[in-house]
>>> print(open('start-v2.txt').read())   # compact mmCIF, C-alpha atoms (C1' of nucleotides)
# COMPACT_ATOMS: atom_id res chain seq x y z
CA MET A 1116 -3.93 -1.76 0.59
CA PRO A 1117 -6.47 0.82 0.65
CA GLU A 1118 -6.31 4.21 -0.88
CA LEU A 1119 -8.66 7.05 -0.09
CA PRO A 1120 -11.81 5.57 -1.67
CA GLU A 1121 -11.35 2.25 0.11
CA VAL A 1122 -10.68 3.92 3.44
CA GLU A 1123 -13.75 6.07 2.95
CA THR A 1124 -15.76 2.93 2.21
CA VAL A 1125 -14.44 1.32 5.37
CA ARG A 1126 -15.29 4.46 7.32
CA ARG A 1127 -18.88 4.39 6.10
CA GLY A 1128 -19.10 0.70 6.90
CA LEU A 1129 -17.83 1.11 10.46
CA GLU A 1130 -19.68 4.30 11.28
CA PRO A 1131 -23.06 2.79 12.20
CA THR A 1132 -21.41 0.34 14.59
CA LEU A 1133 -18.79 2.60 16.16
CA ALA A 1134 -20.07 6.17 16.13
CA GLY A 1135 -21.78 6.83 19.44
CA ALA A 1136 -20.84 3.44 20.84
CA ARG A 1137 -19.09 2.80 24.13
CA LEU A 1138 -16.16 0.41 23.90
CA VAL A 1139 -16.86 -2.03 26.70
CA ARG A 1140 -13.94 -4.29 25.85
CA VAL A 1141 -10.74 -3.69 23.94
CA GLU A 1142 -8.23 -6.40 23.22
CA ALA A 1143 -4.77 -6.09 21.72
CA ARG A 1144 -3.58 -9.56 20.84
CA ARG A 1145 -0.05 -8.39 20.22
CA PRO A 1146 1.91 -5.41 21.48
CA ASP A 1147 2.59 -3.99 18.06
CA LEU A 1148 1.39 -3.63 14.50
CA ARG A 1149 3.82 -1.76 12.32
CA PHE A 1150 4.76 0.24 15.40
CA PRO A 1151 4.24 -0.56 19.07
CA LEU A 1152 0.73 0.25 20.22
CA PRO A 1153 0.85 3.33 22.46
CA GLU A 1154 1.31 3.02 26.18
CA GLY A 1155 -1.91 1.98 27.88
CA PHE A 1156 -3.76 1.51 24.59
CA VAL A 1157 -6.31 -0.94 25.97
CA GLN A 1158 -6.92 0.85 29.28
CA ARG A 1159 -7.25 4.26 27.68
CA LEU A 1160 -9.87 3.01 25.24
CA THR A 1161 -11.85 0.67 27.46
CA GLY A 1162 -15.03 2.42 28.56
CA ALA A 1163 -14.56 5.35 26.19
CA VAL A 1164 -17.33 6.53 23.91
CA VAL A 1165 -16.48 6.94 20.24
CA LEU A 1166 -17.95 10.31 19.28
CA SER A 1167 -17.78 9.89 15.51
CA LEU A 1168 -15.89 8.15 12.78
CA GLY A 1169 -13.88 10.37 10.48
CA ARG A 1170 -11.19 10.15 7.86
CA ARG A 1171 -8.14 12.18 6.96
CA ALA A 1172 -6.32 10.98 3.84
CA LYS A 1173 -5.91 7.22 4.38
CA TYR A 1174 -6.35 7.47 8.14
CA LEU A 1175 -9.47 6.56 10.07
CA LEU A 1176 -10.17 8.81 13.05
CA ALA A 1177 -12.24 7.84 16.06
CA PRO A 1178 -12.35 10.72 18.57
CA THR A 1179 -13.48 9.66 22.03
CA ASP A 1180 -15.13 11.40 24.95
CA ARG A 1181 -11.78 11.29 26.75
CA GLY A 1182 -10.21 13.92 24.57
CA GLN A 1183 -8.16 11.46 22.63
CA THR A 1184 -8.55 10.24 19.09
CA LEU A 1185 -7.90 6.70 17.95
CA VAL A 1186 -5.93 7.00 14.71
CA MET A 1187 -5.89 3.96 12.44
CA HIS A 1188 -4.00 3.30 9.23
CA LEU A 1189 -4.66 0.10 7.29
CA GLY A 1190 -1.29 -0.17 5.58
CA MET A 1191 -1.49 -2.64 2.71
CA THR A 1192 -3.57 -5.44 4.14
CA GLY A 1193 -5.54 -4.01 7.06
CA ARG A 1194 -9.22 -4.90 7.14
CA PHE A 1195 -12.10 -4.89 9.55
CA GLU A 1196 -14.78 -7.38 10.30
CA ILE A 1197 -17.97 -6.41 12.09
CA ASP A 1198 -19.76 -9.04 14.07
CA ASP A 1199 -23.13 -8.18 15.51
CA PRO A 1200 -24.85 -11.29 16.81
CA ARG A 1201 -27.87 -9.35 18.02
CA ALA A 1202 -28.47 -7.92 14.58
CA GLY A 1203 -27.28 -11.10 12.89
CA VAL A 1204 -24.75 -9.11 10.92
CA ARG A 1205 -21.28 -10.07 9.84
CA GLU A 1206 -19.55 -7.90 7.30
CA ARG A 1207 -16.23 -6.60 6.14
CA PRO A 1208 -16.63 -3.06 4.97
CA GLY A 1209 -14.46 -2.15 2.04
CA ASP A 1210 -12.77 -5.50 2.07
CA PHE A 1211 -10.62 -6.08 -0.96
CA ALA A 1212 -10.02 -9.79 -0.68
CA LEU A 1213 -13.17 -11.46 0.45
CA ALA A 1214 -12.16 -14.74 -1.16
CA ALA A 1215 -9.73 -15.38 1.63
CA PRO A 1216 -11.58 -15.72 4.91
CA ALA A 1217 -10.08 -13.54 7.58
CA ASP A 1218 -7.35 -15.61 9.15
CA PRO A 1219 -7.81 -15.64 12.93
CA ARG A 1220 -4.03 -15.66 13.36
CA HIS A 1221 -4.04 -12.11 12.03
CA ALA A 1222 -6.83 -10.79 14.22
CA HIS A 1223 -4.72 -8.26 16.09
CA VAL A 1224 -7.11 -5.80 17.73
CA LEU A 1225 -10.72 -6.26 18.89
CA PHE A 1226 -13.28 -3.68 19.98
CA GLU A 1227 -16.54 -4.70 21.61
CA THR A 1228 -19.30 -2.13 21.88
CA ASP A 1229 -22.04 -1.68 24.43
CA ALA A 1230 -24.49 -2.74 21.72
CA GLY A 1231 -22.86 -6.16 21.61
CA ALA A 1232 -21.03 -5.74 18.32
CA THR A 1233 -17.43 -6.77 17.87
CA VAL A 1234 -15.15 -4.98 15.43
CA THR A 1235 -12.00 -6.93 14.64
CA TYR A 1236 -8.92 -5.58 12.91
CA PHE A 1237 -7.03 -8.07 10.74
CA ASP A 1238 -3.69 -7.32 9.14
CA PRO A 1239 -1.49 -10.16 7.85
CA ARG A 1240 1.38 -8.00 6.70
CA ARG A 1241 1.11 -5.67 9.67
CA PHE A 1242 1.96 -2.53 7.75
CA GLY A 1243 -1.02 -0.88 9.40
CA TYR A 1244 -0.88 0.91 12.73
CA MET A 1245 -2.95 2.46 15.47
CA ASP A 1246 -2.23 5.33 17.79
CA LEU A 1247 -3.93 7.44 20.39
CA VAL A 1248 -3.45 11.17 19.97
CA ASP A 1249 -4.79 14.16 21.90
CA SER A 1250 -7.75 15.38 19.88
CA ASP A 1251 -6.66 18.99 20.35
CA GLY A 1252 -3.30 18.41 18.74
CA LEU A 1253 -4.36 16.10 15.93
CA GLU A 1254 -3.17 18.32 13.12
CA GLU A 1255 0.20 18.78 14.81
CA SER A 1256 0.68 15.09 15.53
CA ARG A 1257 3.39 13.09 13.83
CA TRP A 1258 0.81 11.57 11.48
CA PHE A 1259 -0.74 14.74 10.17
CA SER A 1260 1.66 17.64 10.55
CA ALA A 1261 3.30 17.13 7.15
CA LEU A 1262 0.26 15.84 5.31
CA GLY A 1263 -0.85 17.63 2.15
CA PRO A 1264 -4.42 18.69 1.41
CA GLU A 1265 -7.33 16.33 0.86
CA PRO A 1266 -7.70 15.80 -2.87
CA LEU A 1267 -11.45 16.24 -2.58
CA GLY A 1268 -11.17 19.32 -0.38
CA PRO A 1269 -11.04 23.01 -1.26
CA ALA A 1270 -7.28 23.38 -0.71
CA PHE A 1271 -6.46 21.03 -3.56
CA ASP A 1272 -6.46 22.81 -6.88
CA ALA A 1273 -4.31 23.36 -9.96
CA ALA A 1274 -2.38 26.17 -8.30
CA HIS A 1275 -1.40 23.89 -5.45
CA LEU A 1276 -0.25 21.13 -7.80
CA ALA A 1277 1.59 23.57 -10.03
CA ALA A 1278 3.53 24.87 -7.04
CA ALA A 1279 4.38 21.34 -5.95
CA PHE A 1280 5.52 20.38 -9.47
CA LYS A 1281 7.53 23.52 -10.11
CA ASP A 1282 11.19 22.78 -10.93
CA ARG A 1283 10.81 19.12 -10.00
CA LYS A 1284 12.56 16.55 -12.13
CA GLN A 1285 10.70 13.54 -10.83
CA GLY A 1286 7.68 12.32 -12.71
CA PRO A 1287 4.16 13.15 -11.56
CA LYS A 1288 3.66 9.51 -10.62
CA THR A 1289 6.27 9.73 -7.90
CA LEU A 1290 5.15 13.15 -6.68
CA LEU A 1291 1.46 12.26 -6.48
CA LEU A 1292 2.32 9.29 -4.28
CA ASP A 1293 4.02 11.70 -1.87
CA GLN A 1294 1.44 12.29 0.84
CA ARG A 1295 2.97 15.67 1.65
CA ILE A 1296 1.88 16.98 -1.74
CA VAL A 1297 -1.60 15.53 -1.77
CA ALA A 1298 -2.85 13.08 0.82
CA GLY A 1299 -4.83 10.00 -0.02
CA LEU A 1300 -3.69 8.82 -3.43
CA GLY A 1301 -1.95 5.49 -3.93
CA ASN A 1302 -0.61 3.48 -6.81
CA ILE A 1303 -3.92 2.62 -8.44
CA TYR A 1304 -5.59 6.01 -8.50
CA VAL A 1305 -2.41 7.82 -9.53
CA CYS A 1306 -2.12 5.53 -12.55
CA GLU A 1307 -5.78 6.06 -13.38
CA ALA A 1308 -5.66 9.83 -12.99
CA LEU A 1309 -2.57 10.16 -15.20
CA TRP A 1310 -4.19 7.96 -17.85
CA ARG A 1311 -7.28 10.15 -17.81
CA ALA A 1312 -5.30 13.36 -17.98
CA GLY A 1313 -3.06 12.02 -20.76
CA ILE A 1314 0.16 12.71 -18.86
CA SER A 1315 3.23 10.50 -18.94
CA PRO A 1316 4.14 9.23 -15.47
CA PHE A 1317 7.81 9.88 -16.31
CA LYS A 1318 7.64 13.42 -17.63
CA PRO A 1319 9.60 15.77 -15.39
CA ALA A 1320 6.84 17.34 -13.34
CA GLY A 1321 8.32 20.81 -13.74
CA LYS A 1322 7.76 20.59 -17.48
CA ILE A 1323 4.07 19.79 -17.37
CA ARG A 1324 2.13 22.73 -18.68
CA ARG A 1325 -0.64 24.42 -16.83
CA PRO A 1326 -3.59 23.10 -18.88
CA LYS A 1327 -2.38 19.56 -18.25
CA ILE A 1328 -2.07 20.26 -14.55
CA GLU A 1329 -5.62 21.51 -14.54
CA ALA A 1330 -6.77 18.37 -16.34
CA LEU A 1331 -4.87 16.30 -13.81
CA THR A 1332 -6.48 18.06 -10.88
CA GLU A 1333 -9.88 17.33 -12.34
CA ALA A 1334 -8.97 13.73 -13.19
CA ILE A 1335 -7.87 13.08 -9.62
CA ARG A 1336 -11.11 14.44 -8.23
CA ALA A 1337 -13.24 12.57 -10.72
CA VAL A 1338 -11.59 9.21 -10.32
CA LEU A 1339 -11.75 9.39 -6.51
CA GLU A 1340 -15.38 10.45 -6.52
CA GLU A 1341 -16.34 7.69 -8.93
CA ALA A 1342 -14.43 5.13 -6.91
CA ILE A 1343 -16.11 6.19 -3.68
CA ARG A 1344 -19.48 5.93 -5.39
CA ALA A 1345 -18.54 2.39 -6.45
CA GLY A 1346 -17.55 1.48 -2.90
CA GLY A 1347 -13.84 1.44 -3.71
CA SER A 1348 -11.95 -1.30 -5.50
CA THR A 1349 -11.80 -4.98 -4.70
CA LEU A 1350 -8.73 -6.51 -6.23
CA ARG A 1351 -9.13 -10.20 -5.94
CA ASP A 1352 -12.19 -12.02 -7.06
CA TYR A 1353 -14.60 -12.91 -4.37
CA ALA A 1354 -17.56 -15.21 -4.17
CA GLY A 1355 -20.20 -13.83 -1.93
CA ALA A 1356 -23.33 -11.79 -2.14
CA ASP A 1357 -22.47 -8.62 -0.33
CA GLY A 1358 -23.63 -5.61 -2.24
CA ALA A 1359 -21.54 -3.36 -0.02
CA LEU A 1360 -18.32 -4.47 -1.65
CA GLY A 1361 -16.49 -2.23 -4.05
CA TYR A 1362 -16.55 -2.74 -7.78
CA PHE A 1363 -14.46 0.12 -9.12
CA GLN A 1364 -11.80 -2.35 -10.26
CA HIS A 1365 -14.01 -2.99 -13.26
CA SER A 1366 -13.46 0.63 -14.26
CA PHE A 1367 -9.66 0.53 -14.26
CA GLN A 1368 -8.28 1.80 -17.56
CA ALA A 1369 -4.58 1.48 -16.79
CA TYR A 1370 -3.90 -0.29 -13.50
CA GLY A 1371 -3.29 -4.00 -13.96
CA ARG A 1372 -3.95 -3.88 -17.71
CA GLU A 1373 -0.49 -4.48 -19.14
CA HIS A 1374 -0.62 -5.64 -22.79
CA GLU A 1375 -4.28 -4.69 -23.14
CA PRO A 1376 -5.32 -2.17 -25.77
CA CYS A 1377 -5.85 1.36 -24.51
CA GLN A 1378 -9.56 2.09 -24.28
CA ARG A 1379 -9.31 5.80 -24.86
CA PRO A 1380 -11.42 6.60 -27.92
CA GLY A 1381 -9.24 6.78 -31.00
CA CYS A 1382 -6.08 5.67 -29.19
CA ARG A 1383 -4.20 2.71 -30.66
CA GLY A 1384 -1.80 2.29 -27.75
CA VAL A 1385 -1.23 -0.73 -25.58
CA ILE A 1386 -0.97 -0.42 -21.83
CA ALA A 1387 2.59 -0.86 -20.60
CA ARG A 1388 4.04 -1.54 -17.19
CA ALA A 1389 7.22 -0.04 -15.83
CA VAL A 1390 8.79 0.00 -12.42
CA GLN A 1391 9.14 3.46 -10.94
CA GLY A 1392 10.42 4.00 -7.43
CA GLY A 1393 10.03 0.30 -6.82
CA ARG A 1394 6.33 0.32 -7.72
CA SER A 1395 4.52 -0.77 -10.84
CA THR A 1396 3.34 2.02 -13.08
CA PHE A 1397 0.72 1.23 -15.72
CA TYR A 1398 0.29 3.69 -18.55
CA CYS A 1399 -0.45 4.13 -22.24
CA PRO A 1400 2.75 5.18 -24.05
CA GLU A 1401 0.65 6.40 -26.96
CA HIS A 1402 -1.55 9.09 -25.46
CA GLN A 1403 0.17 9.79 -22.13
CA THR A 1404 2.83 12.26 -23.19
C1' DC B 788 16.61 20.53 -0.16
C1' DT B 789 15.93 16.32 -3.58
C1' DT B 790 16.43 11.61 -4.92
C1' DG B 791 16.99 6.72 -4.85
C1' DG B 792 17.11 2.60 -2.36
C1' DG B 793 16.27 -0.52 1.39
C1' DT B 794 13.12 -1.90 4.91
C1' DC B 795 9.17 -3.74 7.66
C1' DC B 796 5.79 -8.42 7.11
C1' DT B 797 3.02 -12.23 5.07
C1' DG B 798 0.51 -14.25 1.31
C1' DT B 799 -0.31 -15.54 -3.45
C1' DG B 800 0.38 -16.76 -8.11
C1' DC B 801 3.34 -18.09 -11.60
C1' DG B 802 6.90 -20.82 -14.19
C1' DC B 803 9.65 -24.74 -13.94
C1' DT C 485 3.06 -31.48 -5.75
C1' DG C 486 6.99 -28.75 -4.53
C1' DC C 487 10.16 -24.88 -4.96
C1' DG C 488 11.90 -20.41 -5.84
C1' DC C 489 10.90 -15.98 -7.36
C1' DA C 490 8.32 -11.82 -8.30
C1' DC C 491 4.96 -9.12 -6.73
C1' DA C 492 1.34 -6.83 -3.67
C1' DG C 493 -3.37 -0.98 -2.95
C1' DG C 494 1.98 2.02 2.14
C1' DA C 495 5.24 4.84 3.87
C1' DC C 496 9.24 5.43 6.89
C1' DC C 497 14.23 6.00 7.24
C1' DC C 498 18.74 6.82 5.70
C1' DA C 499 22.63 7.89 2.70
C1' DA C 500 24.43 10.49 -1.09
>>> encode(input="start-v2.txt", output="structure tokens")
Amino acid sequence: MPELPEVETVRRGLEPTLAGARLVRVEARRPDLRFPLPEGFVQRLTGAVVLSLGRRAKYLLAPTDRGQTLVMHLGMTGRFEIDDPRAGVRERPGDFALAAPADPRHAHVLFETDAGATVTYFDPRRFGYMDLVDSDGLEESRWFSALGPEPLGPAFDAAHLAAAFKDRKQGPKTLLLDQRIVAGLGNIYVCEALWRAGISPFKPAGKIRRPKIEALTEAIRAVLEEAIRAGGSTLRDYAGADGALGYFQHSFQAYGREHEPCQRPGCRGVIARAVQGGRSTFYCPEHQT
DNA sequence: CTTGGGTCCTGTGCGC
DNA sequence: TGCGCACAGGACCCAA
């Protein structure tokens, strides 16, 4: 599901409830998500204080006062619901499919805080996962050791992309989805960034000239920042008055717009869809060259 | 090393 | 209304 902007939206939504809270009850309703939950998951977290709520790429990070960090990845369909009876609050930060009520069958992990709030993790497809990692060795852990730079951080620039693209025959679409090159992009924002930069998703990356790479770097930053400001993207229509939900889907120029006219000023192209590496790629054949 | 393909799992929307 | 199929925002693993 969620790409960087959605995960960041979820992070901001969970932060007030989880950061600084003690987990008085932890429940794992099944032994595994995508992978088995780590040994002693419930015991190691019960009673721990969550120091803060962070994010690295598409991962949520909850370091605890026990020297371990709860690492969470939402996969395609992971979502959280916050229930705070004392505050009368019930919300789903960053949720992308509010129309469908969270199905209790897919409530896999529950955290209850000392303030009386319950945070529930739902994940129908179970592509998401959770792990507990020593906070000291986070960067060296299996999840992060090969991860590329944050696209909104200082290490991500045109020089970095140029080096990653050098001599590569694959298109930029495929390479930008590779989390080792840059960490946090997914199908939607790669399509959008390439549309903005006017680069064909199929062009051998090694043949993309430097000015285009610079434009791409900027397009990636811009689209992610705009999406975060919009609270991420919500794909399916929802009925419900929750201003916290994302609305960046209304700004898509390529993703999901097959057959629609390209909105780039002066462009007479029509958005096309192709399958690349098993995923849909949306692009304008006219101005993305 | 790169590259392509299959895989995990469930839900939804479409055409017939 | 039912059925089968294509597709879904991720990413690992393996073979060539």
>>> atom_distance(input="start-v2.txt", atom1="CA of Leu1138 (chain A)", atom2="CA of Ala1222 (chain A)")
17.5 Å
>>> residues_around(input="start-v2.txt", residues="DG493 (chain C)", least_positions_apart="2", cutoff="8 Å", atoms="all atoms listed in the file", output="ChimeraX atom specification")
/A:1116-1118,1191,1301-1303
>>> atom_distance(input="start-v2.txt", atom1="CA of Lys1327 (chain A)", atom2="CA of Ile1343 (chain A)")
24.1 Å
>>> interface_residues(input="start-v2.txt", of="chain A", to="chain C", cutoff="12 Å", atoms="all atoms listed in the file", output="PyMOL selection string")
chain A and resi 1116-1122+1149-1150+1173-1174+1188-1193+1210-1212+1240-1244+1257-1258+1292-1295+1298-1306+1347-1351+1364+1370-1371+1390+1393-1395
>>> closest_atom_pairs(input="start-v2.txt", of="chain B", to="chain A", cutoff="10 Å", atoms="all atoms listed in the file", output="Markdown table")
| residue | atom | partner | partner_atom | distance |
| --- | --- | --- | --- | --- |
| B:DT789 | C1' | A:Arg1283 | CA | 8.7 |
| B:DT790 | C1' | A:Gln1285 | CA | 8.5 |
| B:DG791 | C1' | A:Gly1392 | CA | 7.6 |
| B:DG792 | C1' | A:Gly1392 | CA | 8.5 |
| B:DC795 | C1' | A:Phe1242 | CA | 7.3 |
| B:DC796 | C1' | A:Arg1240 | CA | 4.4 |
| B:DT797 | C1' | A:Arg1240 | CA | 4.8 |
| B:DG798 | C1' | A:Pro1239 | CA | 8.0 |
>>> atom_distance(input="start-v2.txt", atom1="CA of Ser1256 (chain A)", atom2="CA of Leu1168 (chain A)")
18.2 Å
>>> residues_near_point(input="start-v2.txt", point="(1.8, -8.0, 22.5)", cutoff="12 Å", atoms="all atoms listed in the file", output="mmCIF file with C-alpha atoms, keeping the file's coordinate frame")
data_model
loop_
_atom_site.group_PDB
_atom_site.id
_atom_site.type_symbol
_atom_site.label_atom_id
_atom_site.label_comp_id
_atom_site.auth_asym_id
_atom_site.auth_seq_id
_atom_site.Cartn_x
_atom_site.Cartn_y
_atom_site.Cartn_z
ATOM 1 C CA GLU A 1142 -8.230 -6.400 23.220
ATOM 2 C CA ALA A 1143 -4.770 -6.090 21.720
ATOM 3 C CA ARG A 1144 -3.580 -9.560 20.840
ATOM 4 C CA ARG A 1145 -0.050 -8.390 20.220
ATOM 5 C CA PRO A 1146 1.910 -5.410 21.480
ATOM 6 C CA ASP A 1147 2.590 -3.990 18.060
ATOM 7 C CA LEU A 1148 1.390 -3.630 14.500
ATOM 8 C CA PHE A 1150 4.760 0.240 15.400
ATOM 9 C CA PRO A 1151 4.240 -0.560 19.070
ATOM 10 C CA LEU A 1152 0.730 0.250 20.220
ATOM 11 C CA PRO A 1153 0.850 3.330 22.460
ATOM 12 C CA GLU A 1154 1.310 3.020 26.180
ATOM 13 C CA GLY A 1155 -1.910 1.980 27.880
ATOM 14 C CA PHE A 1156 -3.760 1.510 24.590
ATOM 15 C CA VAL A 1157 -6.310 -0.940 25.970
ATOM 16 C CA HIS A 1223 -4.720 -8.260 16.090
ATOM 17 C CA VAL A 1224 -7.110 -5.800 17.730
#
>>> closest_residue(input="start-v2.txt", among="A:Pro1200, A:Pro1131, A:Pro1208, A:Gly1169", to="Val1186 (chain A)", atoms="all atoms listed in the file")
A:Gly1169
